[in-house]
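Shown next, in structure tokens, is the structure this report addresses.
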There are 2 protein chains.
Amino acid sequence: MADFKEATTVKRADSGRYDVDIDGSWSVGDVPNGGYLLALILKAVTTESPHPHPLSTSAHFVAPPSGGPATIHTEILRSGKTTATLRATLVQDDVSRVEALITTSTLDREADVEWAGPNPEPVAPVDECIPAVVDLPDGTHVGLLEHVDLRLDPQTLGWFSGRPAGQLSMRGHVRLADGTQPDPLVLALAVDSLPPTVFGLGRLGWAPTVELSVLTRSLPAPGWLTVHLRGRLVRDGWFDEEAEVYDADGALVAQSRQLARVRVG
Amino acid sequence: MADFKEATTVKRADSGRYDVDIDGSWSVGDVPNGGYLLALILKAVTTESPHPHPLSTSAHFVAPPSGGPATIHTEILRSGKTTATLRATLVQDDVSRVEALITTSTLDREADVEWAGPNPEPVAPVDECIPAVVDLPDGTHVGLLEHVDLRLDPQTLGWFSGRPAGQLSMRGHVRLADGTQPDPLVLALAVDSLPPTVFGLGRLGWAPTVELSVLTRSLPAPGWLTVHLRGRLVRDGWFDEEAEVYDADGALVAQSRQLARVRVG
């Protein structure tokens with residue numbers, strides 16, 4: 001089984017172009033996970049960028065790719081002292097699959113927190129959480145979860161046994177099964193590794209992400225990542241999902257928001 | 001004085017290219033407001049797009065433009081039955097100023113809310129709010145506020161008289177001074193029209209936005225828009241700012257998040 005480093009290997013071809021091999025086993029059903037694709041794109045982008053860390057990443061999922069060869073085209077739009085801005089496009093079979101804009105910078109793990117708002121409600125400790133299963137009640141195989149060790153808070157897991165909590169909420173702990181310690185690429189994966197929050201309303205099934213943005217707020221400490229997902233509104237077939245990710249030291253290391261589709265009816 | 005429609009006029013040149021005239025009076029200090037630039041870009045994008053409404057908009061602010069002629073390059077990356085994805089670049093003097101990705105769709109004002117989370121704390125009624133002044137304590141002239149009628153909740157206005165509330169929070173009501181009723185372009189303006197939340201920590205001064213993303217959740221009703229801003233973390237010179245915008249009927253019509261720079265020290 002390919003580990004995270006193998007699955008996110010990029011090979012620089014010519015100016016700004018990176019050849020990649022999308023590992024189809026990092027998937028939900030037949031579709032490679034959005035967080036995994038984002039990690040792959042960020043590998044190319046941080047290789048190309050004069051600054052080493054993704055500070056703000058915005059991705060629009062144009063068309064689902066499949067496992068196999070693909071190309072990431074990167075372009076530095078501006079390079080400054082504090083930040084650089086890059087565009088990246090994941091192309092497969094001459095079709096744009098994911099479009100992204102990334103502002104990179106140099107993050108300092110030692111920087112002080114000047115102000116922080118209140119923490120969200122706590123997540124049950126790892127040993128009281130339930131390991132996620134790789135096969136969902138509707139038969140979907142989540143190959144992603146053979147690579148990602150995900151433990152879900154029992155309070156947000158009622159949907160699995162037919163008793164959804166009635167909340168747009170999902171909480172758990174995440175680490176890579178291969179022992180890779182968290183970094184900004186793993187954070188991009190972590191924000192999109194839990195089941196969609198609409199499962200909490202009993203709305204199981206495919207919930208394709210249209211857009212996902214991630215802010216990297218610090219370099220994470222080694223160990224488990226704790227992920228809080230919540231959403232604000234399900235309307236007209238769309239729902240939002242916000243993630244806060246904390247590292248093993250309790251520092252807020254990433255925030256994300258995505259808009260995804262929920263099957264109507 | 002140019003009204004909103006004039007200030008967001010776009011002229012289609014050739015395939016996907018729009019000539020615009022950035023109105024330098026929609027500015028904070030010398031720099032055109034990010035929400036205004038986004039509205040201008042969305043005018044071009046929704047003209048080009050097969051779907052009429054911006055559903056999800058992600059913008060990275062690459063370099064500040066100034067008032068005067070500019071060009072918006074748009075490209076349809078994919079056009080589907082439910083959504084289309086477009087790229088847009090605002091170029092001035094051959095330099096990319098704002099890069100954006102937009103997923104468009106057709107929003108239905110009549111669509112039912114399937115689920116909604118709790119509302120944030122209420123904003124003081126319009127007649128108990130304080131009209132924003134166009135000149136800030138540090139001398140910055142906010143020309144934007146000659147176009148945008150902004151009323152701020154006194155509870156989030158302590159910074160103006162040297163008594164900041166010590167919270168990353170700002171609340172108020174917004175409408176266009178020229179009587180233009182809200183639409184998705186006005187929503188993009190509204191999310192970026194209030195003073196930066198870091199003012200609530202007494203950190204006055206220029207707080208340039210690096211990235212701003214907006215979700216349009218519904219078509220707004222006529223009347224005032226109510227805007228709640230809050231942030232989660234100030235760290236390493238960066239702060240996040242999340243907006244929720246409600247229309248006069250109390251419907252959540254937009255959500256946004258931005259990452260901005262705060263002067264260190």
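Going by the structure tokens order, chains are called A, B, ..., each with residues numbered from 1, while ligands are numbered from 1 in the order shown.
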Find the residues of chain A that sit at most 8 Å from chain B; for each, write down the nearest two atoms and how far apart they are in Å, to one decimal. Count only C-alpha atoms. Sort by chain, then by number going up, and give it as a Markdown table.
| residue | atom | partner | partner_atom | distance |
| --- | --- | --- | --- | --- |
| A:Ser56 | CA | B:Glu211 | CA | 7.0 |
| A:Ser58 | CA | B:Ser58 | CA | 6.3 |
| A:His60 | CA | B:Leu101 | CA | 7.1 |
| A:Val62 | CA | B:Thr85 | CA | 6.5 |
| A:Leu77 | CA | B:Ser96 | CA | 7.2 |
| A:Arg78 | CA | B:Val62 | CA | 6.6 |
| A:Thr85 | CA | B:Val62 | CA | 6.5 |
| A:Ser96 | CA | B:Leu77 | CA | 7.2 |
| A:Glu99 | CA | B:Leu101 | CA | 7.8 |
| A:Ala100 | CA | B:Leu101 | CA | 7.8 |
| A:Leu101 | CA | B:His60 | CA | 7.1 |
| A:Ile102 | CA | B:His60 | CA | 7.8 |
| A:Thr103 | CA | B:His60 | CA | 7.4 |
| A:Leu107 | CA | B:Asp236 | CA | 7.6 |
| A:Asp108 | CA | B:Asp236 | CA | 7.1 |
| A:Ala111 | CA | B:Asp236 | CA | 5.3 |
| A:Asp112 | CA | B:Arg235 | CA | 6.3 |
| A:Val113 | CA | B:Arg235 | CA | 4.7 |
| A:Glu114 | CA | B:Val234 | CA | 5.3 |
| A:Trp115 | CA | B:Val234 | CA | 5.1 |
| A:Ala116 | CA | B:Leu233 | CA | 4.5 |
| A:Gly117 | CA | B:Arg232 | CA | 4.8 |
| A:Pro118 | CA | B:Arg232 | CA | 7.7 |
| A:Gln167 | CA | B:Gly117 | CA | 7.9 |
| A:Leu168 | CA | B:Gly117 | CA | 7.6 |
| A:Val210 | CA | B:Thr103 | CA | 7.7 |
| A:Glu211 | CA | B:Ser56 | CA | 7.0 |
| A:Ser213 | CA | B:Ser213 | CA | 8.0 |
| A:Leu215 | CA | B:Leu259 | CA | 7.8 |
| A:Arg217 | CA | B:Arg235 | CA | 7.5 |
| A:Gly231 | CA | B:Gly117 | CA | 7.2 |
| A:Arg232 | CA | B:Gly117 | CA | 4.8 |
| A:Leu233 | CA | B:Ala116 | CA | 4.5 |
| A:Val234 | CA | B:Trp115 | CA | 5.1 |
| A:Arg235 | CA | B:Val113 | CA | 4.7 |
| A:Asp236 | CA | B:Ala111 | CA | 5.3 |
| A:Leu259 | CA | B:Ser56 | CA | 7.6 |
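Closest approach to Val214 of chain B from the set B:Pro125, B:Pro50, B:Gly68, B:Gly35 is made by B:Gly35, with distances taken over only C-alpha atoms.
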* To do: Could you tell me, as a ChimeraX atom specification, which residues of segment 115-205 of chain A DSSP assigns to strand (DSSP E or B) when given the backbone?
  => /A:115-116,130-131,135,141,148-152,169-176
* To do: Considering only C-alpha atoms, return as a list in words whatever protein or nucleic-acid residues lie within 6 Å of Gly172 of chain A, sequence-local ones (same chain, fewer than 3 positions apart) excluded.
  =>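 The neighbour list is Arg151, Leu152, Asp153, Thr226 and Val227 of chain A.
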* Which value, in Å to one decimal, gives the distance between atom CA of Ala221 of chain B and atom CA of Val174 of chain B? -> 13.1 Å
* **Who sits within 8 Å of Leu38 of chain A, only C-alpha atoms, same chain under 2 positions skipped, as a ChimeraX atom specification** => /A:34-36,40-42,59,185,188-189
* **Contacts of segment 20-29 of chain B within 6 Å, only C-alpha atoms, excl. fewer than 5 positions in-chain, as JSON, numbers by chain** => {"B": [7, 10, 67, 68, 69, 70, 71, 140, 141, 142, 143, 144]}
Could you please write out, as a PDB file with N, CA, C and O atoms, in the first residue's frame, every residue of segment 17-263 of chain A that DSSP assigns to alpha helix (DSSP H)?
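Contents of the output file out_25.pdb:
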ATOM      1  N   GLY A  34     -11.183  14.747  -2.044  1.00  0.00           N
ATOM      2  CA  GLY A  34     -10.810  16.133  -2.323  1.00  0.00           C
ATOM      3  C   GLY A  34      -9.619  16.608  -1.501  1.00  0.00           C
ATOM      4  O   GLY A  34      -8.757  17.326  -2.004  1.00  0.00           O
ATOM      5  N   GLY A  35      -9.564  16.207  -0.232  1.00  0.00           N
ATOM      6  CA  GLY A  35      -8.443  16.598   0.620  1.00  0.00           C
ATOM      7  C   GLY A  35      -7.141  15.989   0.133  1.00  0.00           C
ATOM      8  O   GLY A  35      -6.084  16.638   0.163  1.00  0.00           O
ATOM      9  N   TYR A  36      -7.213  14.741  -0.341  1.00  0.00           N
ATOM     10  CA  TYR A  36      -6.021  14.098  -0.908  1.00  0.00           C
ATOM     11  C   TYR A  36      -5.559  14.848  -2.159  1.00  0.00           C
ATOM     12  O   TYR A  36      -4.343  15.119  -2.328  1.00  0.00           O
ATOM     13  N   LEU A  37      -6.496  15.198  -3.042  1.00  0.00           N
ATOM     14  CA  LEU A  37      -6.120  15.937  -4.257  1.00  0.00           C
ATOM     15  C   LEU A  37      -5.501  17.282  -3.900  1.00  0.00           C
ATOM     16  O   LEU A  37      -4.537  17.722  -4.528  1.00  0.00           O
ATOM     17  N   LEU A  38      -6.048  17.906  -2.858  1.00  0.00           N
ATOM     18  CA  LEU A  38      -5.510  19.184  -2.416  1.00  0.00           C
ATOM     19  C   LEU A  38      -4.076  19.016  -1.886  1.00  0.00           C
ATOM     20  O   LEU A  38      -3.198  19.849  -2.161  1.00  0.00           O
ATOM     21  N   ALA A  39      -3.833  17.956  -1.144  1.00  0.00           N
ATOM     22  CA  ALA A  39      -2.480  17.692  -0.632  1.00  0.00           C
ATOM     23  C   ALA A  39      -1.497  17.500  -1.792  1.00  0.00           C
ATOM     24  O   ALA A  39      -0.366  18.013  -1.763  1.00  0.00           O
ATOM     25  N   LEU A  40      -1.944  16.785  -2.816  1.00  0.00           N
ATOM     26  CA  LEU A  40      -1.112  16.552  -4.009  1.00  0.00           C
ATOM     27  C   LEU A  40      -0.792  17.886  -4.690  1.00  0.00           C
ATOM     28  O   LEU A  40       0.373  18.173  -5.041  1.00  0.00           O
ATOM     29  N   ILE A  41      -1.813  18.711  -4.860  1.00  0.00           N
ATOM     30  CA  ILE A  41      -1.617  20.032  -5.474  1.00  0.00           C
ATOM     31  C   ILE A  41      -0.673  20.885  -4.617  1.00  0.00           C
ATOM     32  O   ILE A  41       0.233  21.546  -5.140  1.00  0.00           O
ATOM     33  N   LEU A  42      -0.862  20.833  -3.305  1.00  0.00           N
ATOM     34  CA  LEU A  42      -0.013  21.646  -2.417  1.00  0.00           C
ATOM     35  C   LEU A  42       1.428  21.162  -2.429  1.00  0.00           C
ATOM     36  O   LEU A  42       2.355  21.949  -2.207  1.00  0.00           O
ATOM     37  N   LYS A  43       1.632  19.884  -2.688  1.00  0.00           N
ATOM     38  CA  LYS A  43       3.008  19.388  -2.819  1.00  0.00           C
ATOM     39  C   LYS A  43       3.698  20.067  -3.999  1.00  0.00           C
ATOM     40  O   LYS A  43       4.838  20.544  -3.883  1.00  0.00           O
ATOM     41  N   ALA A  44       3.000  20.131  -5.125  1.00  0.00           N
ATOM     42  CA  ALA A  44       3.569  20.807  -6.301  1.00  0.00           C
ATOM     43  C   ALA A  44       3.748  22.299  -6.028  1.00  0.00           C
ATOM     44  O   ALA A  44       4.795  22.881  -6.341  1.00  0.00           O
ATOM     45  N   VAL A  45       2.735  22.903  -5.431  1.00  0.00           N
ATOM     46  CA  VAL A  45       2.761  24.352  -5.207  1.00  0.00           C
ATOM     47  C   VAL A  45       3.883  24.750  -4.246  1.00  0.00           C
ATOM     48  O   VAL A  45       4.603  25.734  -4.478  1.00  0.00           O
ATOM     49  N   THR A  46       4.051  23.992  -3.165  1.00  0.00           N
ATOM     50  CA  THR A  46       5.091  24.361  -2.201  1.00  0.00           C
ATOM     51  C   THR A  46       6.483  24.026  -2.726  1.00  0.00           C
ATOM     52  O   THR A  46       7.477  24.583  -2.254  1.00  0.00           O
ATOM     53  N   THR A  47       6.573  23.137  -3.698  1.00  0.00           N
ATOM     54  CA  THR A  47       7.844  22.887  -4.367  1.00  0.00           C
ATOM     55  C   THR A  47       8.202  24.073  -5.266  1.00  0.00           C
ATOM     56  O   THR A  47       9.352  24.518  -5.319  1.00  0.00           O
ATOM     57  N   GLU A  48       7.182  24.598  -5.929  1.00  0.00           N
ATOM     58  CA  GLU A  48       7.393  25.695  -6.880  1.00  0.00           C
ATOM     59  C   GLU A  48       7.554  27.054  -6.187  1.00  0.00           C
ATOM     60  O   GLU A  48       8.283  27.924  -6.660  1.00  0.00           O
ATOM     61  N   LEU A 144     -10.015   5.680   1.321  1.00  0.00           N
ATOM     62  CA  LEU A 144      -9.294   6.730   2.053  1.00  0.00           C
ATOM     63  C   LEU A 144      -8.994   6.313   3.482  1.00  0.00           C
ATOM     64  O   LEU A 144      -7.911   6.590   4.011  1.00  0.00           O
ATOM     65  N   LEU A 145      -9.960   5.623   4.102  1.00  0.00           N
ATOM     66  CA  LEU A 145      -9.830   5.300   5.529  1.00  0.00           C
ATOM     67  C   LEU A 145      -8.932   4.089   5.780  1.00  0.00           C
ATOM     68  O   LEU A 145      -8.731   3.689   6.921  1.00  0.00           O
ATOM     69  N   GLU A 146      -8.366   3.512   4.710  1.00  0.00           N
ATOM     70  CA  GLU A 146      -7.284   2.549   4.896  1.00  0.00           C
ATOM     71  C   GLU A 146      -5.946   3.271   5.058  1.00  0.00           C
ATOM     72  O   GLU A 146      -4.976   2.705   5.533  1.00  0.00           O
ATOM     73  N   HIS A 147      -5.931   4.534   4.673  1.00  0.00           N
ATOM     74  CA  HIS A 147      -4.718   5.357   4.801  1.00  0.00           C
ATOM     75  C   HIS A 147      -4.801   6.311   5.993  1.00  0.00           C
ATOM     76  O   HIS A 147      -3.782   6.707   6.548  1.00  0.00           O
ATOM     77  N   PRO A 184       1.408  20.886   6.783  1.00  0.00           N
ATOM     78  CA  PRO A 184       0.290  21.561   6.108  1.00  0.00           C
ATOM     79  C   PRO A 184      -0.421  20.700   5.059  1.00  0.00           C
ATOM     80  O   PRO A 184      -1.621  20.859   4.836  1.00  0.00           O
ATOM     81  N   LEU A 185       0.287  19.763   4.411  1.00  0.00           N
ATOM     82  CA  LEU A 185      -0.375  18.886   3.445  1.00  0.00           C
ATOM     83  C   LEU A 185      -1.339  17.930   4.149  1.00  0.00           C
ATOM     84  O   LEU A 185      -2.461  17.692   3.677  1.00  0.00           O
ATOM     85  N   VAL A 186      -0.909  17.418   5.285  1.00  0.00           N
ATOM     86  CA  VAL A 186      -1.771  16.515   6.058  1.00  0.00           C
ATOM     87  C   VAL A 186      -2.994  17.284   6.589  1.00  0.00           C
ATOM     88  O   VAL A 186      -4.098  16.733   6.661  1.00  0.00           O
ATOM     89  N   LEU A 187      -2.803  18.560   6.905  1.00  0.00           N
ATOM     90  CA  LEU A 187      -3.947  19.365   7.361  1.00  0.00           C
ATOM     91  C   LEU A 187      -5.007  19.488   6.262  1.00  0.00           C
ATOM     92  O   LEU A 187      -6.213  19.410   6.532  1.00  0.00           O
ATOM     93  N   ALA A 188      -4.557  19.669   5.017  1.00  0.00           N
ATOM     94  CA  ALA A 188      -5.504  19.758   3.899  1.00  0.00           C
ATOM     95  C   ALA A 188      -6.282  18.455   3.751  1.00  0.00           C
ATOM     96  O   ALA A 188      -7.468  18.453   3.409  1.00  0.00           O
ATOM     97  N   LEU A 189      -5.606  17.361   4.021  1.00  0.00           N
ATOM     98  CA  LEU A 189      -6.267  16.053   3.994  1.00  0.00           C
ATOM     99  C   LEU A 189      -7.242  15.932   5.163  1.00  0.00           C
ATOM    100  O   LEU A 189      -8.379  15.469   5.014  1.00  0.00           O
ATOM    101  N   ALA A 190      -6.804  16.376   6.344  1.00  0.00           N
ATOM    102  CA  ALA A 190      -7.597  16.181   7.562  1.00  0.00           C
ATOM    103  C   ALA A 190      -8.942  16.900   7.510  1.00  0.00           C
ATOM    104  O   ALA A 190      -9.951  16.374   7.991  1.00  0.00           O
TER     105      ALA A 190
END
* Which residue, A:Val123, A:Pro164, A:Pro222, A:Arg263, has the smallest gap to Thr180 of chain A when you use only C-alpha atoms? -> A:Pro222
* Asked: Excluding same-chain residues fewer than 4 positions from Pro65 of chain A, what lies within 8 Å of it counting only C-alpha atoms, as a PyMOL selection string?
  -> chain A and resi 31-32+92+97
Restricting it to all heavy atoms, dump the selection as a PDB file, in the first residue's frame.
ATOM      1  N   VAL A  31     -14.184   7.905  -6.364  1.00  0.00           N
ATOM      2  CA  VAL A  31     -13.672   9.256  -6.602  1.00  0.00           C
ATOM      3  C   VAL A  31     -12.571   9.603  -5.602  1.00  0.00           C
ATOM      4  O   VAL A  31     -12.787   9.555  -4.392  1.00  0.00           O
ATOM      5  CB  VAL A  31     -14.814  10.287  -6.515  1.00  0.00           C
ATOM      6  CG1 VAL A  31     -14.278  11.690  -6.750  1.00  0.00           C
ATOM      7  CG2 VAL A  31     -15.902   9.954  -7.527  1.00  0.00           C
ATOM      8  N   PRO A  32     -11.379   9.974  -6.098  1.00  0.00           N
ATOM      9  CA  PRO A  32     -10.307  10.383  -5.184  1.00  0.00           C
ATOM     10  C   PRO A  32     -10.792  11.500  -4.257  1.00  0.00           C
ATOM     11  O   PRO A  32     -11.470  12.429  -4.692  1.00  0.00           O
ATOM     12  CB  PRO A  32      -9.211  10.883  -6.136  1.00  0.00           C
ATOM     13  CG  PRO A  32      -9.439  10.119  -7.402  1.00  0.00           C
ATOM     14  CD  PRO A  32     -10.935   9.964  -7.507  1.00  0.00           C
ATOM     15  N   GLN A  92      -6.272  16.195 -16.125  1.00  0.00           N
ATOM     16  CA  GLN A  92      -6.178  14.775 -16.487  1.00  0.00           C
ATOM     17  C   GLN A  92      -6.934  14.589 -17.804  1.00  0.00           C
ATOM     18  O   GLN A  92      -8.056  15.089 -17.952  1.00  0.00           O
ATOM     19  CB  GLN A  92      -6.801  13.903 -15.389  1.00  0.00           C
ATOM     20  CG  GLN A  92      -6.510  12.417 -15.552  1.00  0.00           C
ATOM     21  CD  GLN A  92      -7.077  11.605 -14.403  1.00  0.00           C
ATOM     22  OE1 GLN A  92      -8.248  11.715 -14.081  1.00  0.00           O
ATOM     23  NE2 GLN A  92      -6.238  10.780 -13.785  1.00  0.00           N
ATOM     24  N   ARG A  97      -9.509  19.392 -13.744  1.00  0.00           N
ATOM     25  CA  ARG A  97     -10.248  18.659 -12.706  1.00  0.00           C
ATOM     26  C   ARG A  97     -10.384  19.480 -11.421  1.00  0.00           C
ATOM     27  O   ARG A  97     -11.415  19.488 -10.783  1.00  0.00           O
ATOM     28  CB  ARG A  97      -9.532  17.333 -12.392  1.00  0.00           C
ATOM     29  CG  ARG A  97      -9.209  16.486 -13.621  1.00  0.00           C
ATOM     30  CD  ARG A  97     -10.468  15.999 -14.294  1.00  0.00           C
ATOM     31  NE  ARG A  97     -10.165  15.277 -15.530  1.00  0.00           N
ATOM     32  CZ  ARG A  97     -10.886  14.249 -15.959  1.00  0.00           C
ATOM     33  NH1 ARG A  97     -11.940  13.815 -15.282  1.00  0.00           N
ATOM     34  NH2 ARG A  97     -10.580  13.662 -17.111  1.00  0.00           N
TER      35      ARG A  97
END
Give me the residues near Ser15 of chain B as a PDB file with N, CA, C and O atoms, in the first residue's frame, where near means some atom within 10 Å (using only C-alpha atoms) and where sequence neighbours in that chain fewer than 6 positions away do not count.
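The resulting result_16.pdb:
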ATOM      1  N   GLU B  48     -20.723  36.631 -18.209  1.00  0.00           N
ATOM      2  CA  GLU B  48     -20.112  35.588 -19.053  1.00  0.00           C
ATOM      3  C   GLU B  48     -20.715  34.206 -18.799  1.00  0.00           C
ATOM      4  O   GLU B  48     -20.808  33.388 -19.712  1.00  0.00           O
ATOM      5  N   HIS B  73     -10.294  39.452 -17.225  1.00  0.00           N
ATOM      6  CA  HIS B  73     -10.266  38.301 -18.133  1.00  0.00           C
ATOM      7  C   HIS B  73     -11.063  37.172 -17.483  1.00  0.00           C
ATOM      8  O   HIS B  73     -10.771  36.796 -16.346  1.00  0.00           O
ATOM      9  N   THR B  74     -12.041  36.650 -18.183  1.00  0.00           N
ATOM     10  CA  THR B  74     -12.822  35.535 -17.646  1.00  0.00           C
ATOM     11  C   THR B  74     -12.656  34.326 -18.560  1.00  0.00           C
ATOM     12  O   THR B  74     -12.415  34.465 -19.762  1.00  0.00           O
ATOM     13  N   GLU B  75     -12.762  33.151 -17.945  1.00  0.00           N
ATOM     14  CA  GLU B  75     -12.681  31.918 -18.732  1.00  0.00           C
ATOM     15  C   GLU B  75     -13.611  30.895 -18.097  1.00  0.00           C
ATOM     16  O   GLU B  75     -13.553  30.661 -16.897  1.00  0.00           O
TER      17      GLU B  75
END
* Just give me the gap between atom CA of Glu6 of chain A and atom CA of Ser66 of chain A in Å, one decimal is fine. =>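 Atom CA of Glu6 of chain A sits 16.9 Å away from atom CA of Ser66 of chain A.
Separating atom CA of Leu157 of chain A from atom CA of Glu121 of chain B is a distance of 28.7 Å.
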* Which one of B:Pro64, B:Pro196, B:Gly223, B:Pro52 sits closest to His173 of chain B if you count only C-alpha atoms? ->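 Checking each of B:Pro64, B:Pro196, B:Gly223, B:Pro52 against His173 of chain B, counting only C-alpha atoms, the winner is B:Gly223.
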